[in-house]
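Asker: Just input-v1.cif, nothing more (mmCIF, N, CA and C atoms):
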```cif
data_input
loop_
_atom_site.group_PDB
_atom_site.id
_atom_site.type_symbol
_atom_site.label_atom_id
_atom_site.label_comp_id
_atom_site.auth_asym_id
_atom_site.auth_seq_id
_atom_site.Cartn_x
_atom_site.Cartn_y
_atom_site.Cartn_z
ATOM 1 N N LYS A 693 -99.650 127.798 162.910
ATOM 2 C CA LYS A 693 -98.937 126.564 162.672
ATOM 3 C C LYS A 693 -97.472 126.690 163.050
ATOM 4 N N GLY A 694 -96.914 127.872 162.829
ATOM 5 C CA GLY A 694 -95.482 128.021 163.033
ATOM 6 C C GLY A 694 -95.071 128.305 164.463
ATOM 7 N N LEU A 695 -96.004 128.391 165.378
ATOM 8 C CA LEU A 695 -95.666 128.705 166.762
ATOM 9 C C LEU A 695 -95.213 127.457 167.517
ATOM 10 N N THR A 696 -94.283 127.682 168.395
ATOM 11 C CA THR A 696 -93.871 126.595 169.285
ATOM 12 C C THR A 696 -94.970 126.380 170.317
ATOM 13 N N PRO A 697 -94.972 125.239 171.003
ATOM 14 C CA PRO A 697 -95.983 125.036 172.050
ATOM 15 C C PRO A 697 -95.958 126.145 173.104
ATOM 16 N N ALA A 698 -94.775 126.607 173.481
ATOM 17 C CA ALA A 698 -94.688 127.680 174.481
ATOM 18 C C ALA A 698 -95.260 128.987 173.939
ATOM 19 N N ALA A 699 -95.009 129.266 172.671
ATOM 20 C CA ALA A 699 -95.543 130.484 172.065
ATOM 21 C C ALA A 699 -97.057 130.417 171.957
ATOM 22 N N ARG A 700 -97.593 129.232 171.708
ATOM 23 C CA ARG A 700 -99.056 129.070 171.657
ATOM 24 C C ARG A 700 -99.679 129.357 173.018
ATOM 25 N N VAL A 701 -99.049 128.850 174.064
ATOM 26 C CA VAL A 701 -99.546 129.102 175.421
ATOM 27 C C VAL A 701 -99.486 130.594 175.719
ATOM 28 N N ALA A 702 -98.371 131.233 175.371
ATOM 29 C CA ALA A 702 -98.225 132.667 175.621
ATOM 30 C C ALA A 702 -99.288 133.463 174.861
ATOM 31 N N ALA A 703 -99.537 133.100 173.605
ATOM 32 C CA ALA A 703 -100.553 133.802 172.817
ATOM 33 C C ALA A 703 -101.939 133.591 173.421
ATOM 34 N N ALA A 704 -102.235 132.376 173.831
ATOM 35 C CA ALA A 704 -103.538 132.091 174.443
ATOM 36 C C ALA A 704 -103.725 132.881 175.727
ATOM 37 N N GLU A 705 -102.673 132.944 176.538
ATOM 38 C CA GLU A 705 -102.765 133.714 177.785
ATOM 39 C C GLU A 705 -102.960 135.198 177.496
ATOM 40 N N HIS A 706 -102.269 135.702 176.498
ATOM 41 C CA HIS A 706 -102.422 137.114 176.131
ATOM 42 C C HIS A 706 -103.862 137.414 175.723
ATOM 43 N N PHE A 707 -104.398 136.619 174.790
ATOM 44 C CA PHE A 707 -105.741 136.899 174.297
ATOM 45 C C PHE A 707 -106.809 136.635 175.348
ATOM 46 N N ALA A 708 -106.528 135.799 176.304
ATOM 47 C CA ALA A 708 -107.469 135.581 177.398
ATOM 48 C C ALA A 708 -107.582 136.821 178.274
ATOM 49 N N ARG A 709 -106.523 137.625 178.324
ATOM 50 C CA ARG A 709 -106.526 138.842 179.142
ATOM 51 C C ARG A 709 -107.080 140.058 178.414
ATOM 52 N N VAL A 710 -107.162 140.022 177.108
ATOM 53 C CA VAL A 710 -107.607 141.175 176.328
ATOM 54 C C VAL A 710 -109.085 141.429 176.586
ATOM 55 N N GLN A 711 -109.390 142.674 176.892
ATOM 56 C CA GLN A 711 -110.775 143.071 177.120
ATOM 57 C C GLN A 711 -111.378 143.538 175.802
ATOM 58 N N PRO A 712 -112.621 143.169 175.533
ATOM 59 C CA PRO A 712 -113.235 143.628 174.283
ATOM 60 C C PRO A 712 -113.370 145.143 174.289
ATOM 61 N N GLY A 713 -113.189 145.723 173.110
ATOM 62 C CA GLY A 713 -113.323 147.163 172.964
ATOM 63 C C GLY A 713 -114.770 147.583 172.920
ATOM 64 N N ALA A 714 -114.966 148.868 172.915
ATOM 65 C CA ALA A 714 -116.326 149.396 172.810
ATOM 66 C C ALA A 714 -116.882 149.051 171.440
ATOM 67 N N ALA A 715 -118.130 148.709 171.399
ATOM 68 C CA ALA A 715 -118.758 148.374 170.125
ATOM 69 C C ALA A 715 -118.816 149.606 169.241
ATOM 70 N N ALA A 716 -118.459 149.420 167.996
ATOM 71 C CA ALA A 716 -118.542 150.519 167.038
ATOM 72 C C ALA A 716 -120.008 150.769 166.716
ATOM 73 N N SER A 717 -120.307 151.995 166.370
ATOM 74 C CA SER A 717 -121.685 152.277 165.999
ATOM 75 C C SER A 717 -121.988 151.571 164.681
ATOM 76 N N ALA A 718 -123.188 151.108 164.569
ATOM 77 C CA ALA A 718 -123.594 150.384 163.367
ATOM 78 C C ALA A 718 -123.666 151.340 162.187
ATOM 79 N N PRO A 719 -123.226 150.877 160.997
ATOM 80 C CA PRO A 719 -123.337 151.732 159.822
ATOM 81 C C PRO A 719 -124.796 151.989 159.482
ATOM 82 N N ALA A 720 -125.019 153.050 158.762
ATOM 83 C CA ALA A 720 -126.372 153.385 158.327
ATOM 84 C C ALA A 720 -126.905 152.266 157.436
ATOM 85 N N PRO A 721 -128.213 152.022 157.459
ATOM 86 C CA PRO A 721 -128.781 150.962 156.615
ATOM 87 C C PRO A 721 -128.393 151.094 155.148
ATOM 88 N N ALA A 722 -128.324 152.305 154.636
ATOM 89 C CA ALA A 722 -127.941 152.492 153.230
ATOM 90 C C ALA A 722 -126.519 152.011 152.981
ATOM 91 N N ALA A 723 -125.627 152.214 153.945
ATOM 92 C CA ALA A 723 -124.252 151.743 153.800
ATOM 93 C C ALA A 723 -124.217 150.223 153.809
ATOM 94 N N ASN A 724 -125.023 149.610 154.661
ATOM 95 C CA ASN A 724 -125.105 148.140 154.682
ATOM 96 C C ASN A 724 -125.610 147.600 153.348
ATOM 97 N N GLU A 725 -126.620 148.251 152.792
ATOM 98 C CA GLU A 725 -127.175 147.819 151.513
ATOM 99 C C GLU A 725 -126.148 147.972 150.401
ATOM 100 N N ARG A 726 -125.440 149.091 150.401
ATOM 101 C CA ARG A 726 -124.410 149.332 149.377
ATOM 102 C C ARG A 726 -123.286 148.301 149.516
ATOM 103 N N GLY A 727 -122.883 148.023 150.737
ATOM 104 C CA GLY A 727 -121.837 147.033 150.965
ATOM 105 C C GLY A 727 -122.252 145.655 150.488
ATOM 106 N N ALA A 728 -123.497 145.282 150.767
ATOM 107 C CA ALA A 728 -123.994 143.979 150.328
ATOM 108 C C ALA A 728 -124.025 143.898 148.804
ATOM 109 N N LEU A 729 -124.409 144.991 148.165
ATOM 110 C CA LEU A 729 -124.437 145.025 146.706
ATOM 111 C C LEU A 729 -123.026 144.886 146.133
ATOM 112 N N LEU A 730 -122.076 145.622 146.694
ATOM 113 C CA LEU A 730 -120.703 145.529 146.201
ATOM 114 C C LEU A 730 -120.113 144.144 146.446
ATOM 115 N N ALA A 731 -120.391 143.576 147.589
ATOM 116 C CA ALA A 731 -119.860 142.248 147.907
ATOM 117 C C ALA A 731 -120.429 141.188 146.967
ATOM 118 N N GLY A 732 -121.713 141.284 146.687
ATOM 119 C CA GLY A 732 -122.377 140.245 145.904
ATOM 120 C C GLY A 732 -122.368 140.447 144.407
ATOM 121 N N ARG A 733 -122.417 141.713 143.960
ATOM 122 C CA ARG A 733 -122.558 141.973 142.526
ATOM 123 C C ARG A 733 -121.484 142.880 141.968
ATOM 124 N N GLY A 734 -120.828 143.662 142.808
ATOM 125 C CA GLY A 734 -119.861 144.630 142.302
ATOM 126 C C GLY A 734 -120.565 145.869 141.786
ATOM 127 N N ASP A 735 -119.866 146.630 140.951
ATOM 128 C CA ASP A 735 -120.433 147.859 140.384
ATOM 129 C C ASP A 735 -119.910 147.993 138.961
ATOM 130 N N ASP A 736 -120.725 147.592 137.991
ATOM 131 C CA ASP A 736 -120.308 147.631 136.591
ATOM 132 C C ASP A 736 -119.929 149.033 136.139
ATOM 133 N N ALA A 737 -120.681 150.031 136.583
ATOM 134 C CA ALA A 737 -120.424 151.405 136.161
ATOM 135 C C ALA A 737 -119.032 151.877 136.580
ATOM 136 N N ARG A 738 -118.550 151.365 137.706
ATOM 137 C CA ARG A 738 -117.216 151.754 138.201
ATOM 138 C C ARG A 738 -116.164 150.693 137.896
ATOM 139 N N GLN A 739 -116.560 149.676 137.159
ATOM 140 C CA GLN A 739 -115.685 148.561 136.793
ATOM 141 C C GLN A 739 -115.072 147.888 138.021
ATOM 142 N N LEU A 740 -115.939 147.647 139.022
ATOM 143 C CA LEU A 740 -115.527 146.951 140.237
ATOM 144 C C LEU A 740 -116.190 145.587 140.272
ATOM 145 N N GLN A 741 -115.388 144.546 140.356
ATOM 146 C CA GLN A 741 -115.991 143.232 140.484
ATOM 147 C C GLN A 741 -116.401 142.987 141.929
ATOM 148 N N ALA A 742 -117.259 142.040 142.112
ATOM 149 C CA ALA A 742 -117.769 141.721 143.449
ATOM 150 C C ALA A 742 -116.650 141.189 144.334
ATOM 151 N N CYS A 743 -116.683 141.556 145.608
ATOM 152 C CA CYS A 743 -115.722 141.034 146.586
ATOM 153 C C CYS A 743 -115.777 139.508 146.601
ATOM 154 N N ASN A 744 -117.010 138.962 146.508
ATOM 155 C CA ASN A 744 -117.212 137.511 146.569
ATOM 156 C C ASN A 744 -116.540 136.779 145.413
ATOM 157 N N ASN A 745 -116.287 137.477 144.303
ATOM 158 C CA ASN A 745 -115.647 136.819 143.170
ATOM 159 C C ASN A 745 -114.286 136.253 143.558
ATOM 160 N N CYS A 746 -113.561 136.971 144.369
ATOM 161 C CA CYS A 746 -112.237 136.501 144.791
ATOM 162 C C CYS A 746 -112.251 135.920 146.200
ATOM 163 N N HIS A 747 -112.934 136.590 147.094
ATOM 164 C CA HIS A 747 -112.868 136.224 148.508
ATOM 165 C C HIS A 747 -113.911 135.202 148.922
ATOM 166 N N GLY A 748 -114.775 134.807 147.995
ATOM 167 C CA GLY A 748 -115.760 133.770 148.264
ATOM 168 C C GLY A 748 -116.971 134.282 149.010
ATOM 169 N N PRO A 749 -118.054 133.513 148.956
ATOM 170 C CA PRO A 749 -119.262 133.903 149.680
ATOM 171 C C PRO A 749 -118.979 134.041 151.168
ATOM 172 N N GLY A 750 -119.399 135.127 151.722
ATOM 173 C CA GLY A 750 -119.174 135.353 153.149
ATOM 174 C C GLY A 750 -117.755 135.768 153.481
ATOM 175 N N GLY A 751 -116.919 135.990 152.465
ATOM 176 C CA GLY A 751 -115.558 136.462 152.713
ATOM 177 C C GLY A 751 -114.622 135.432 153.306
ATOM 178 N N THR A 752 -114.891 134.150 153.063
ATOM 179 C CA THR A 752 -114.079 133.108 153.684
ATOM 180 C C THR A 752 -112.731 132.897 153.022
ATOM 181 N N GLY A 753 -112.549 133.351 151.788
ATOM 182 C CA GLY A 753 -111.274 133.240 151.101
ATOM 183 C C GLY A 753 -110.847 131.812 150.840
ATOM 184 N N GLU A 754 -109.620 131.683 150.374
ATOM 185 C CA GLU A 754 -109.002 130.385 150.117
ATOM 186 C C GLU A 754 -107.516 130.535 150.410
ATOM 187 N N PRO A 755 -107.174 130.640 151.723
ATOM 188 C CA PRO A 755 -105.783 130.880 152.106
ATOM 189 C C PRO A 755 -104.841 129.808 151.557
ATOM 190 N N PRO A 756 -103.612 130.143 151.232
ATOM 191 C CA PRO A 756 -102.985 131.443 151.433
ATOM 192 C C PRO A 756 -103.120 132.369 150.232
ATOM 193 N N ALA A 757 -103.530 131.869 149.081
ATOM 194 C CA ALA A 757 -103.557 132.698 147.877
ATOM 195 C C ALA A 757 -104.652 133.757 147.909
ATOM 196 N N ILE A 758 -105.810 133.421 148.439
ATOM 197 C CA ILE A 758 -106.932 134.361 148.471
ATOM 198 C C ILE A 758 -107.298 134.606 149.925
ATOM 199 N N PRO A 759 -106.946 135.779 150.434
ATOM 200 C CA PRO A 759 -107.170 136.032 151.863
ATOM 201 C C PRO A 759 -108.648 136.131 152.220
ATOM 202 N N TYR A 760 -108.939 135.808 153.461
ATOM 203 C CA TYR A 760 -110.301 135.942 153.963
ATOM 204 C C TYR A 760 -110.571 137.405 154.298
ATOM 205 N N LEU A 761 -111.815 137.788 154.296
ATOM 206 C CA LEU A 761 -112.253 139.117 154.742
ATOM 207 C C LEU A 761 -113.115 139.007 155.986
ATOM 208 N N ALA A 762 -113.813 137.892 156.111
ATOM 209 C CA ALA A 762 -114.750 137.691 157.219
ATOM 210 C C ALA A 762 -114.027 137.832 158.553
ATOM 211 N N GLY A 763 -114.572 138.671 159.405
ATOM 212 C CA GLY A 763 -114.029 138.837 160.743
ATOM 213 C C GLY A 763 -112.912 139.851 160.862
ATOM 214 N N LEU A 764 -112.462 140.428 159.752
ATOM 215 C CA LEU A 764 -111.416 141.444 159.854
ATOM 216 C C LEU A 764 -111.981 142.713 160.483
ATOM 217 N N ASP A 765 -111.116 143.446 161.135
ATOM 218 C CA ASP A 765 -111.488 144.678 161.805
ATOM 219 C C ASP A 765 -112.019 145.701 160.797
ATOM 220 N N ALA A 766 -113.113 146.354 161.112
ATOM 221 C CA ALA A 766 -113.734 147.322 160.210
ATOM 222 C C ALA A 766 -112.799 148.479 159.886
ATOM 223 N N VAL A 767 -112.003 148.915 160.850
ATOM 224 C CA VAL A 767 -111.062 150.020 160.603
ATOM 225 C C VAL A 767 -110.019 149.589 159.581
ATOM 226 N N TYR A 768 -109.510 148.370 159.717
ATOM 227 C CA TYR A 768 -108.536 147.843 158.764
ATOM 228 C C TYR A 768 -109.145 147.751 157.364
ATOM 229 N N LEU A 769 -110.354 147.191 157.267
ATOM 230 C CA LEU A 769 -111.001 147.063 155.962
ATOM 231 C C LEU A 769 -111.226 148.425 155.322
ATOM 232 N N ALA A 770 -111.678 149.386 156.102
ATOM 233 C CA ALA A 770 -111.902 150.730 155.567
ATOM 234 C C ALA A 770 -110.598 151.338 155.061
ATOM 235 N N ALA A 771 -109.516 151.146 155.805
ATOM 236 C CA ALA A 771 -108.214 151.674 155.384
ATOM 237 C C ALA A 771 -107.778 151.044 154.065
ATOM 238 N N GLN A 772 -107.982 149.744 153.920
ATOM 239 C CA GLN A 772 -107.581 149.069 152.685
ATOM 240 C C GLN A 772 -108.439 149.524 151.508
ATOM 241 N N LEU A 773 -109.740 149.669 151.721
ATOM 242 C CA LEU A 773 -110.608 150.148 150.648
ATOM 243 C C LEU A 773 -110.252 151.567 150.240
ATOM 244 N N ASN A 774 -109.915 152.411 151.212
ATOM 245 C CA ASN A 774 -109.485 153.767 150.889
ATOM 246 C C ASN A 774 -108.155 153.766 150.140
ATOM 247 N N ALA A 775 -107.265 152.827 150.469
ATOM 248 C CA ALA A 775 -105.993 152.714 149.748
ATOM 249 C C ALA A 775 -106.239 152.313 148.296
ATOM 250 N N PHE A 776 -107.198 151.402 148.065
ATOM 251 C CA PHE A 776 -107.553 151.058 146.691
ATOM 252 C C PHE A 776 -108.082 152.285 145.969
ATOM 253 N N ARG A 777 -108.969 153.020 146.640
ATOM 254 C CA ARG A 777 -109.586 154.202 146.033
ATOM 255 C C ARG A 777 -108.538 155.235 145.639
ATOM 256 N N SER A 778 -107.566 155.455 146.523
ATOM 257 C CA SER A 778 -106.556 156.485 146.253
ATOM 258 C C SER A 778 -105.467 156.020 145.288
ATOM 259 N N GLY A 779 -105.417 154.697 145.042
ATOM 260 C CA GLY A 779 -104.397 154.176 144.143
ATOM 261 C C GLY A 779 -103.107 153.772 144.836
ATOM 262 N N THR A 780 -103.052 153.891 146.160
ATOM 263 C CA THR A 780 -101.826 153.489 146.864
ATOM 264 C C THR A 780 -101.754 151.971 147.036
ATOM 265 N N ARG A 781 -102.868 151.279 146.833
ATOM 266 C CA ARG A 781 -102.865 149.818 146.833
ATOM 267 C C ARG A 781 -103.447 149.366 145.509
ATOM 268 N N ARG A 782 -102.704 148.506 144.816
ATOM 269 C CA ARG A 782 -103.137 148.079 143.466
ATOM 270 C C ARG A 782 -102.917 146.591 143.282
ATOM 271 N N ASN A 783 -103.725 145.776 143.877
ATOM 272 C CA ASN A 783 -103.584 144.333 143.632
ATOM 273 C C ASN A 783 -104.927 143.701 143.447
#
```
Starting from the file, lay out its structure as structure tokens.

Answerer:
Amino acid sequence: KGLTPAARVAAAEHFARVQPGAAASAPAPAANERGALLAGRGDDARQLQACNNCHGPGGTGEPPAIPYLAGLDAVYLAAQLNAFRSGTRRN
């Protein structure tokens, strides 16, 4: 929203030139199942609420207060989850 018309054109031209990266290897089925469980139900034993509780079904969020997760880069998401685990991110 905050971009000028010229900046929008420049951004569009940039992304039109970007080549897709190599596909990441698919996670193991057990990891997919665990992720689906955490997203939908959380983990009571670890006192983790479901991702969907805040970020909504499918990770769509409610910007700007509740960020979306859907479509975010897997490396970024993994880094953020590891930051939560280590205690360097606490929100």

Asker: With only N, CA and C atoms as the basis for distance, which of A:Leu695, A:Arg700, A:Asn745, A:Asp765 is at the shortest distance from Arg733 in chain A?

Answerer: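 Of all the options, A:Asn745 lies closest to Arg733 in chain A.
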
Asker: Taking the backbone alone, and naming residues the way the document does, which bits of chain A are strand (DSSP E or B) by DSSP, as a list in words?

Answerer: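 Answer for chain A, restricted to strand (DSSP E or B): Asp735, Leu740, Glu754 and Ile758 of chain A.
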
Asker: Using atom N of Leu764 in chain A and atom N of Gly751 in chain A as the two end points, give the distance in Å to one decimal.

Answerer: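 Computing the Euclidean distance for atom N of Leu764 in chain A and atom N of Gly751 in chain A yields 9.6 Å.
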
Asker: Interatomic distance between CA of Thr780 in chain A and CA of Glu725 in chain A?

Answerer: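 Interatomic distance, CA of Thr780 in chain A to CA of Glu725 in chain A: 26.4 Å.
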
Asker: Could you tell me how far CA of Arg777 in chain A sits from atom N of Ala737 in chain A, in Å to one decimal place?

Answerer: 15.2 Å

Asker: Report the residues of range 693-781 of chain A whose backbone DSSP state falls under alpha helix (DSSP H), written as an MDAnalysis selection string.

Answerer: chainID A and resid 697:709 721:732 743:747 766:778

Asker: Got a sec: who's within 7 Å of Ala731 in chain A, counting all atoms listed in the file, leaving out chain neighbours fewer than 6 positions off, as a list of chain:residue names?

Answerer: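 So the residues in contact are A:Gln741, A:Ala742, A:Cys743, A:Asn744, A:Asn745.
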
Asker: Output as JSON the centre and edge lengths (Å, one decimal) of the box along x, y and z of the file that holds every listed atom of range 737-756 of chain A after adding 5 Å on each side.

Answerer:
```
{"center_x": -111.8, "center_y": 140.8, "center_z": 144.9, "size_x": 27.7, "size_y": 32.1, "size_z": 27.5}
```

Asker: Can you pull out every residue within 10 Å of Ala762 in chain A, counting only C-alpha atoms, but drop anything in the same chain fewer than 2 positions away, and send it as an MDAnalysis selection string?

Answerer: chainID A and resid 747:753 759:760 764:765
